[in-house]
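The structure under discussion appears below in the form of structure tokens.
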Amino acid sequence: MQPITDPSIVEGYLTDASNIHGHAEGLVRPRNAAEVAEIVAHCQAHGIPLTVTAGRTSTTGAPVPFGGWVLSTEHLDRIVSIDQDTAVAGAGIYLGAFQDEVERAGRFFPPDPTSRHECTLGAAVACNASGARSFRYGPTRPWVLGLEVVLPTGEIRRFHRGDPVPAEWPVPAWTEPAVKTAAGYAPPVDAVDLFIGQEGTLGVITEVTVKLTELPEQVLGVLAFFPDRQSAVAFVEVARDAARRDPKGALSPRCLEYLDAACVELARERVGDVPEGAGAALFCEQEVSVDEEDHLEAWWEALLDAGALADDTVVTTTDEGREKLHAFRHAVPAGINERVVANGMPKVGTDLAVPDACLSEIMDLYEAVTLDNVLFGHIGDNHLHLNFLPKNDEELARAKAEYAALARKAVAMGGTVSAEHGIGKIKREYLAMMVDEPVLAQFRALKRTLDPACILGRGTLFQPEGEQAR
Ligand SMILES: Cc1cc2nc3c(=O)[nH]c(=O)nc-3n(C[C@H](O)[C@H](O)[C@H](O)COP(=O)(O)OP(=O)(O)OC[C@H]3O[C@@H](n4cnc5c(N)ncnc54)[C@H](O)[C@@H]3O)c2cc1C
């Protein structure tokens, strides 16, 4: 397959949400695994770096090429089948579109990165993406049953759960932090596992087989306001324990999402209807699994015990209530984007997670940051995104330094430097904080065995030889 070399077309494939801008000599858009295999074999034979790109929503520069060819998965977007328990689809289908089709068939595929309508199924696997519902359902990894992968040699392989990793592949043996994590090669339980979270460095995923589950019939939405962070955290601890004790109980949230005072303020500017005394908010969802009245009673009791601002808190299954929740939730990213545009500088967002016992400690550290910022995210997994909003180059440099210091502290607490976005090209130094040199050497040995000329995803996870740190 001849690559497209017209710069005006290639240009559209050279960046991602990290704002890093790369360059490439050619673009290929294969339509099936055989074409992918032909391209990969050609690149391997000629030492041409090959970067897989999909929705380009990565925040880490992972799909950004620095030379060679870029392979877009956009035409690998076919749904092969949707059955009762499994579905099979091409890697390039948008995740949200795939989920909509699955739900039309009355089934459910839970992983829900916020970007799900702009990111692809294959990349969600390649990055082990997660989302709000991961509190209940975990990240993408446990939902993957099988993969079709083109190895960096150009060989097409199909792997099913339980297939052993080929004996000649040196798998990394290390202990990941006991938190939600998407940093580095996970010690694989089988051959499928090896290609989940590899960030496009070990193989091109062309087709994905996933497990489906029951589509919840009814979901209760909750928007709770609290006078301060401490009372919100008190509620989270109670709700999280209850959900772990009984995942189908009256108080068993499927997501617990935190919004700090700055987020509440952004929402107030846009939707108005936000209580004056609110210093924090939680957005939560509860799948209706017992009598609705029992859910309501359990939620109100726990919310009031924790000190929620009862008059302003919404617990709803109605369309009107949901609209209020929706408007509030969307006001926050819209407000942040406006600030980023007004500042004319990129935001710098953390992706750290820590063990349960360290939640308040890391939140103290986030709140001690003096640069302009907003804090929100997946508090059920102790995984919050602190978004620095620098206004000039000096603040940008300070934000990066503060980020590195926070990453070091999260690691010292037994946490991860990336819970969901991955390492890519801009967080390699953080991976080295979490993983010592012998483990990094194991990662490199695996990479070299599968990809001897190091053509695939060059610069992601590993710094190319002779290149300055990015
Ligand atoms: C607004 C916003 C919200 C986000 N929210 C979340 C969130 O809630 N949770 C979360 O986990 N992430 C989130 N992300 C990050 C991002 O959306 C995810 O990492 C997503 O999985 C990337 O998908 P993509 O299709 O855009 O892939 P790209 O950004 O194009 O690529 C990402 C990586 O995957 C590799 N890759 C892509 N397809 C394949 C393939 N078929 N085979 C092998 N490698 C492949 C690429 O080489 C690259 O390394 C968010 C990003 C944005 C901008």
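How things are named: the first chain in the structure tokens is A, the next is B, and so on; residues count from 1 in each chain; ligands count from 1 in the order shown.
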Show me which residues line ligand 1, defined as having an atom within 6 Å of a ligand atom where only C-alpha atoms and all ligand atoms count, and present them as a PDB file with C-alpha atoms, in the first residue's frame.
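For reference, part-v8.pdb as written:
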ATOM      1  CA  ALA A  17      -5.009  16.417  22.913  1.00  0.00           C
ATOM      2  CA  THR A  51       2.863   5.222  14.680  1.00  0.00           C
ATOM      3  CA  VAL A  52      -0.717   4.037  15.116  1.00  0.00           C
ATOM      4  CA  THR A  53      -3.238   6.851  15.345  1.00  0.00           C
ATOM      5  CA  ALA A  54      -6.970   6.559  16.049  1.00  0.00           C
ATOM      6  CA  GLY A  55      -9.176   9.309  17.552  1.00  0.00           C
ATOM      7  CA  ARG A  56      -6.106  11.332  18.649  1.00  0.00           C
ATOM      8  CA  THR A  57      -7.726  12.152  21.991  1.00  0.00           C
ATOM      9  CA  SER A  58      -4.680  10.917  23.885  1.00  0.00           C
ATOM     10  CA  THR A  59      -3.399  13.497  26.360  1.00  0.00           C
ATOM     11  CA  ALA A  62       1.252   8.638  22.262  1.00  0.00           C
ATOM     12  CA  PRO A  63      -0.294   8.752  18.737  1.00  0.00           C
ATOM     13  CA  ALA A  91     -10.474  -1.473  16.295  1.00  0.00           C
ATOM     14  CA  PRO A 113     -13.941   7.338  29.073  1.00  0.00           C
ATOM     15  CA  THR A 114     -15.353  10.872  28.942  1.00  0.00           C
ATOM     16  CA  SER A 115     -14.016  10.984  25.385  1.00  0.00           C
ATOM     17  CA  CYS A 119     -12.051   7.819  20.892  1.00  0.00           C
ATOM     18  CA  THR A 120     -11.957   4.328  19.421  1.00  0.00           C
ATOM     19  CA  GLY A 122      -9.041  -0.333  19.716  1.00  0.00           C
ATOM     20  CA  ALA A 123      -7.371   2.586  21.459  1.00  0.00           C
ATOM     21  CA  ALA A 124      -9.451   2.069  24.605  1.00  0.00           C
ATOM     22  CA  ALA A 126      -4.420  -0.164  23.697  1.00  0.00           C
ATOM     23  CA  CYS A 127      -4.575   2.380  26.566  1.00  0.00           C
ATOM     24  CA  ALA A 129      -8.982   3.283  29.199  1.00  0.00           C
ATOM     25  CA  SER A 130     -11.430   3.746  32.039  1.00  0.00           C
ATOM     26  CA  GLY A 131     -14.088   6.235  33.050  1.00  0.00           C
ATOM     27  CA  GLU A 199      -0.063   2.143  23.966  1.00  0.00           C
ATOM     28  CA  GLY A 200       0.598   1.050  20.389  1.00  0.00           C
ATOM     29  CA  GLY A 203       1.230  -4.589  18.000  1.00  0.00           C
ATOM     30  CA  VAL A 204      -1.545  -3.053  15.915  1.00  0.00           C
ATOM     31  CA  ILE A 205      -4.918  -4.210  17.219  1.00  0.00           C
ATOM     32  CA  THR A 206      -7.209  -4.737  14.246  1.00  0.00           C
ATOM     33  CA  GLU A 420      -5.974   6.005  32.879  1.00  0.00           C
ATOM     34  CA  HIS A 421      -4.284   8.231  30.288  1.00  0.00           C
ATOM     35  CA  GLY A 457       5.104   3.710  18.520  1.00  0.00           C
TER      36      GLY A 457
END
Residues of region 325-352 of chain A that approach region 380-392 of chain A to 12 Å or less, counting only C-alpha atoms: could you list each one with the shortest pair of atoms and its distance in Å to one decimal, rows by chain and increasing residue number, as a tab-separated table?
residue	atom	partner	partner_atom	distance
A:Pro333	CA	A:Asn387	CA	11.0
A:Gly335	CA	A:Leu389	CA	11.8
A:Ile336	CA	A:Leu389	CA	8.5
A:Asn337	CA	A:Leu389	CA	9.9
A:Glu338	CA	A:Leu389	CA	10.9
A:Arg339	CA	A:Leu389	CA	7.6
A:Val340	CA	A:Leu389	CA	6.6
A:Val341	CA	A:Lys391	CA	10.1
A:Ala342	CA	A:Lys391	CA	8.7
A:Asn343	CA	A:Lys391	CA	5.0
A:Gly344	CA	A:Lys391	CA	7.1
A:Met345	CA	A:Lys391	CA	6.0
A:Pro346	CA	A:Pro390	CA	7.3
A:Lys347	CA	A:Leu389	CA	5.0
A:Val348	CA	A:Phe388	CA	5.1
A:Gly349	CA	A:Asn387	CA	4.3
A:Thr350	CA	A:His385	CA	5.0
A:Asp351	CA	A:His385	CA	5.5
A:Leu352	CA	A:His383	CA	5.9
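Distance check against Glu276 (chain A) using only C-alpha atoms: of A:Asp319, A:Asp77, A:Asp228, A:Asp294, the minimum falls on A:Asp228.
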Would you kindly return, as a CSV table (one decimal) with C-alpha atoms, in the first residue's frame, each protein, DNA or RNA residue with an atom no farther than 9 Å from any atom of region 281-283 of chain A, considering only C-alpha atoms and excluding same-chain residues fewer than 4 positions away?
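Dumped everything to part_23.csv:
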chain,number,residue,atom,x,y,z
A,221,GLY,CA,-28.7,10.3,39.1
A,222,VAL,CA,-27.4,12.3,42.1
A,223,LEU,CA,-25.9,15.7,42.2
A,224,ALA,CA,-25.0,16.5,45.8
A,225,PHE,CA,-23.5,19.7,47.2
A,226,PHE,CA,-21.4,19.9,50.3
A,227,PRO,CA,-20.2,22.8,52.4
A,228,ASP,CA,-16.6,21.6,52.1
A,229,ARG,CA,-14.3,18.9,50.7
A,232,ALA,CA,-17.9,15.2,50.5
A,236,VAL,CA,-17.5,9.0,49.5
A,255,CYS,CA,-19.7,6.1,39.9
A,256,LEU,CA,-18.6,8.8,42.4
A,257,GLU,CA,-17.3,11.9,40.7
A,258,TYR,CA,-15.8,14.9,42.6
A,259,LEU,CA,-16.0,18.6,41.7
A,260,ASP,CA,-14.1,21.1,43.8
A,261,ALA,CA,-15.1,24.6,44.8
A,263,CYS,CA,-15.6,23.7,39.5
A,264,VAL,CA,-18.7,24.6,41.4
A,308,ALA,CA,-24.7,17.4,52.3
A,325,LEU,CA,-27.5,17.2,36.3
A,329,ARG,CA,-21.8,18.5,34.4
A,379,ILE,CA,-12.9,10.1,43.6
- Query: Rounded to one decimal in Å, what is the spacing between CA of Val149 (chain A) and CA of Val208 (chain A)?
  - Reply: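 If I compute the distance from CA of Val149 (chain A) to CA of Val208 (chain A), I get 8.9 Å.
Ranking A:Pro65, A:Pro275, A:Gly162, A:Gly249 by their shortest atom-to-atom distance to Thr313 (chain A), with only C-alpha atoms included, puts A:Pro275 first.
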- Message: To test your reading of the structure, identify every residue in region 180-329 of chain A that backbone DSSP assigns to strand (DSSP E), and report it as a PyMOL selection string.
- Response: chain A and resi 204-211+213-214+219-226+255-260+280-287+314-316
- Query: What gap, in Å, lies between CA of Ala397 (chain A) and CA of His23 (chain A)?
  - Reply: 24.7 Å
- Query: Can you tell me, as a list of chain:residue names, what residues are no more than 7 Å from Ala445 (chain A) when counting only C-alpha atoms, ignoring any on the same chain fewer than 4 positions away?
  - Reply: A:Pro170, A:Ala441, A:Thr449
For the selection you just gave me, I'd like the residues written to a file as an mmCIF file, in the first residue's frame, keeping C-alpha atoms.
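Now in out01.cif:
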data_model
loop_
_atom_site.group_PDB
_atom_site.id
_atom_site.type_symbol
_atom_site.label_atom_id
_atom_site.label_comp_id
_atom_site.auth_asym_id
_atom_site.auth_seq_id
_atom_site.Cartn_x
_atom_site.Cartn_y
_atom_site.Cartn_z
ATOM 1 C CA PRO A 170 10.053 -12.247 27.970
ATOM 2 C CA ALA A 441 14.895 -3.232 31.429
ATOM 3 C CA THR A 449 11.764 -9.198 21.225
#
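Picture a line from CA of Glu437 (chain A) to CA of Asp451 (chain A); it runs 20.3 Å.
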What lies within 8 Å of Arg254 (chain A) using only C-alpha atoms, ignoring chain neighbours under 4 positions off, as a compact mmCIF listing (two decimals) with N, CA and C atoms, in the first residue's frame?
# COMPACT_ATOMS: atom_id res chain seq x y z
N ALA A 132 -15.90 7.04 34.43
CA ALA A 132 -16.63 7.18 35.68
C ALA A 132 -17.15 5.83 36.18
N ARG A 133 -17.69 5.04 35.26
CA ARG A 133 -18.30 3.77 35.67
C ARG A 133 -17.26 2.71 36.06
N SER A 134 -15.98 3.03 35.86
CA SER A 134 -14.93 2.06 36.21
C SER A 134 -14.91 1.80 37.71
N PHE A 135 -15.48 2.74 38.50
CA PHE A 135 -15.57 2.48 39.94
C PHE A 135 -16.28 1.15 40.17
N ARG A 136 -17.33 0.91 39.40
CA ARG A 136 -18.06 -0.34 39.57
C ARG A 136 -17.55 -1.45 38.63
N TYR A 137 -17.25 -1.08 37.38
CA TYR A 137 -17.01 -2.11 36.36
C TYR A 137 -15.54 -2.33 36.01
N CYS A 284 -23.05 11.41 41.13
CA CYS A 284 -23.05 9.95 41.34
C CYS A 284 -24.17 9.31 40.53
N GLU A 285 -24.00 8.01 40.27
CA GLU A 285 -25.08 7.24 39.64
C GLU A 285 -25.29 5.96 40.42
N GLN A 286 -26.56 5.56 40.48
CA GLN A 286 -26.96 4.33 41.17
C GLN A 286 -27.83 3.52 40.22
N GLU A 287 -27.41 2.32 39.88
CA GLU A 287 -28.29 1.46 39.08
C GLU A 287 -29.39 0.95 39.99
- Item | Nearest candidate to Ser72 (chain A) (options A:Leu27, A:Cys454, A:Ile9, A:Leu121; using only C-alpha atoms) |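 For Ser72 (chain A), the nearest of the given residues is A:Leu27.
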- Would you please work out which residue, of A:Gly422, A:Gly90, A:Pro166, A:Gly61, is nearest to Tyr185 (chain A) when using only C-alpha atoms?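 Answer, going by the shortest atom-to-atom distance: A:Gly422.
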- Item | Residue with smallest distance to Met434 (chain A) - pool A:Gly68, A:Pro452, A:Gly277, A:Gly415, counting only C-alpha atoms | A:Gly415
- Which is closest to Arg240 (chain A) among A:Ala302, A:Ala173, A:Ala182, A:Ile48, if we use only C-alpha atoms?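 With only C-alpha atoms as the atom set, the closest residue is A:Ala302.
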- Message: Set the distance at 8 Å and use only C-alpha atoms: which residues neighbour region 39-44 of chain A once local chain neighbours fewer than 6 positions away are removed? I'd like the list as number ranges by chain.
- Response: A: 1, 50, 150-155, 453, 455
Store the residues picked out above in a file with C-alpha atoms, as a PDB file, in the first residue's frame.
ATOM      1  CA  MET A   1       0.000   0.000   0.000  1.00  0.00           C
ATOM      2  CA  LEU A  50       5.225   3.480  12.280  1.00  0.00           C
ATOM      3  CA  VAL A 150      -0.691  -7.496  13.717  1.00  0.00           C
ATOM      4  CA  LEU A 151       2.664  -8.015  15.374  1.00  0.00           C
ATOM      5  CA  PRO A 152       5.531  -5.620  14.566  1.00  0.00           C
ATOM      6  CA  THR A 153       6.928  -8.310  12.241  1.00  0.00           C
ATOM      7  CA  GLY A 154       3.755  -8.165  10.105  1.00  0.00           C
ATOM      8  CA  GLU A 155       2.349 -11.477  11.342  1.00  0.00           C
ATOM      9  CA  ALA A 453      13.873  -2.561  14.795  1.00  0.00           C
ATOM     10  CA  ILE A 455       9.446   0.727  14.525  1.00  0.00           C
TER      11      ILE A 455
END
- Item | Arg270 (chain A) environment, 10 Å, only C-alpha atoms, sequence neighbours closer than 4 positions dropped, as a ChimeraX atom specification | /A:265-266,274,327-328,330-332,334-335
Restricted to N, CA and C atoms, what would the selected residues look like written as a PDB file, in the first residue's frame?
ATOM      1  N   GLU A 265     -17.880  26.832  41.139  1.00  0.00           N
ATOM      2  CA  GLU A 265     -17.945  28.242  40.754  1.00  0.00           C
ATOM      3  C   GLU A 265     -18.139  28.381  39.236  1.00  0.00           C
ATOM      4  N   LEU A 266     -17.387  27.555  38.479  1.00  0.00           N
ATOM      5  CA  LEU A 266     -17.527  27.590  37.014  1.00  0.00           C
ATOM      6  C   LEU A 266     -18.953  27.253  36.606  1.00  0.00           C
ATOM      7  N   VAL A 274     -26.955  27.144  41.607  1.00  0.00           N
ATOM      8  CA  VAL A 274     -25.970  26.415  42.411  1.00  0.00           C
ATOM      9  C   VAL A 274     -25.922  27.079  43.790  1.00  0.00           C
ATOM     10  N   ALA A 327     -26.787  19.588  32.641  1.00  0.00           N
ATOM     11  CA  ALA A 327     -26.374  20.983  32.434  1.00  0.00           C
ATOM     12  C   ALA A 327     -25.214  21.327  33.373  1.00  0.00           C
ATOM     13  N   PHE A 328     -25.310  20.865  34.610  1.00  0.00           N
ATOM     14  CA  PHE A 328     -24.268  21.163  35.591  1.00  0.00           C
ATOM     15  C   PHE A 328     -22.950  20.524  35.163  1.00  0.00           C
ATOM     16  N   HIS A 330     -21.908  19.542  32.250  1.00  0.00           N
ATOM     17  CA  HIS A 330     -21.311  20.068  31.021  1.00  0.00           C
ATOM     18  C   HIS A 330     -20.803  21.486  31.183  1.00  0.00           C
ATOM     19  N   ALA A 331     -21.340  22.185  32.180  1.00  0.00           N
ATOM     20  CA  ALA A 331     -20.886  23.560  32.406  1.00  0.00           C
ATOM     21  C   ALA A 331     -19.419  23.571  32.861  1.00  0.00           C
ATOM     22  N   VAL A 332     -18.990  22.509  33.524  1.00  0.00           N
ATOM     23  CA  VAL A 332     -17.635  22.520  34.092  1.00  0.00           C
ATOM     24  C   VAL A 332     -16.563  22.419  32.990  1.00  0.00           C
ATOM     25  N   ALA A 334     -16.902  23.020  29.891  1.00  0.00           N
ATOM     26  CA  ALA A 334     -17.049  24.195  29.017  1.00  0.00           C
ATOM     27  C   ALA A 334     -16.355  25.399  29.663  1.00  0.00           C
ATOM     28  N   GLY A 335     -16.540  25.551  30.963  1.00  0.00           N
ATOM     29  CA  GLY A 335     -15.923  26.666  31.680  1.00  0.00           C
ATOM     30  C   GLY A 335     -14.408  26.551  31.677  1.00  0.00           C
TER      31      GLY A 335
END
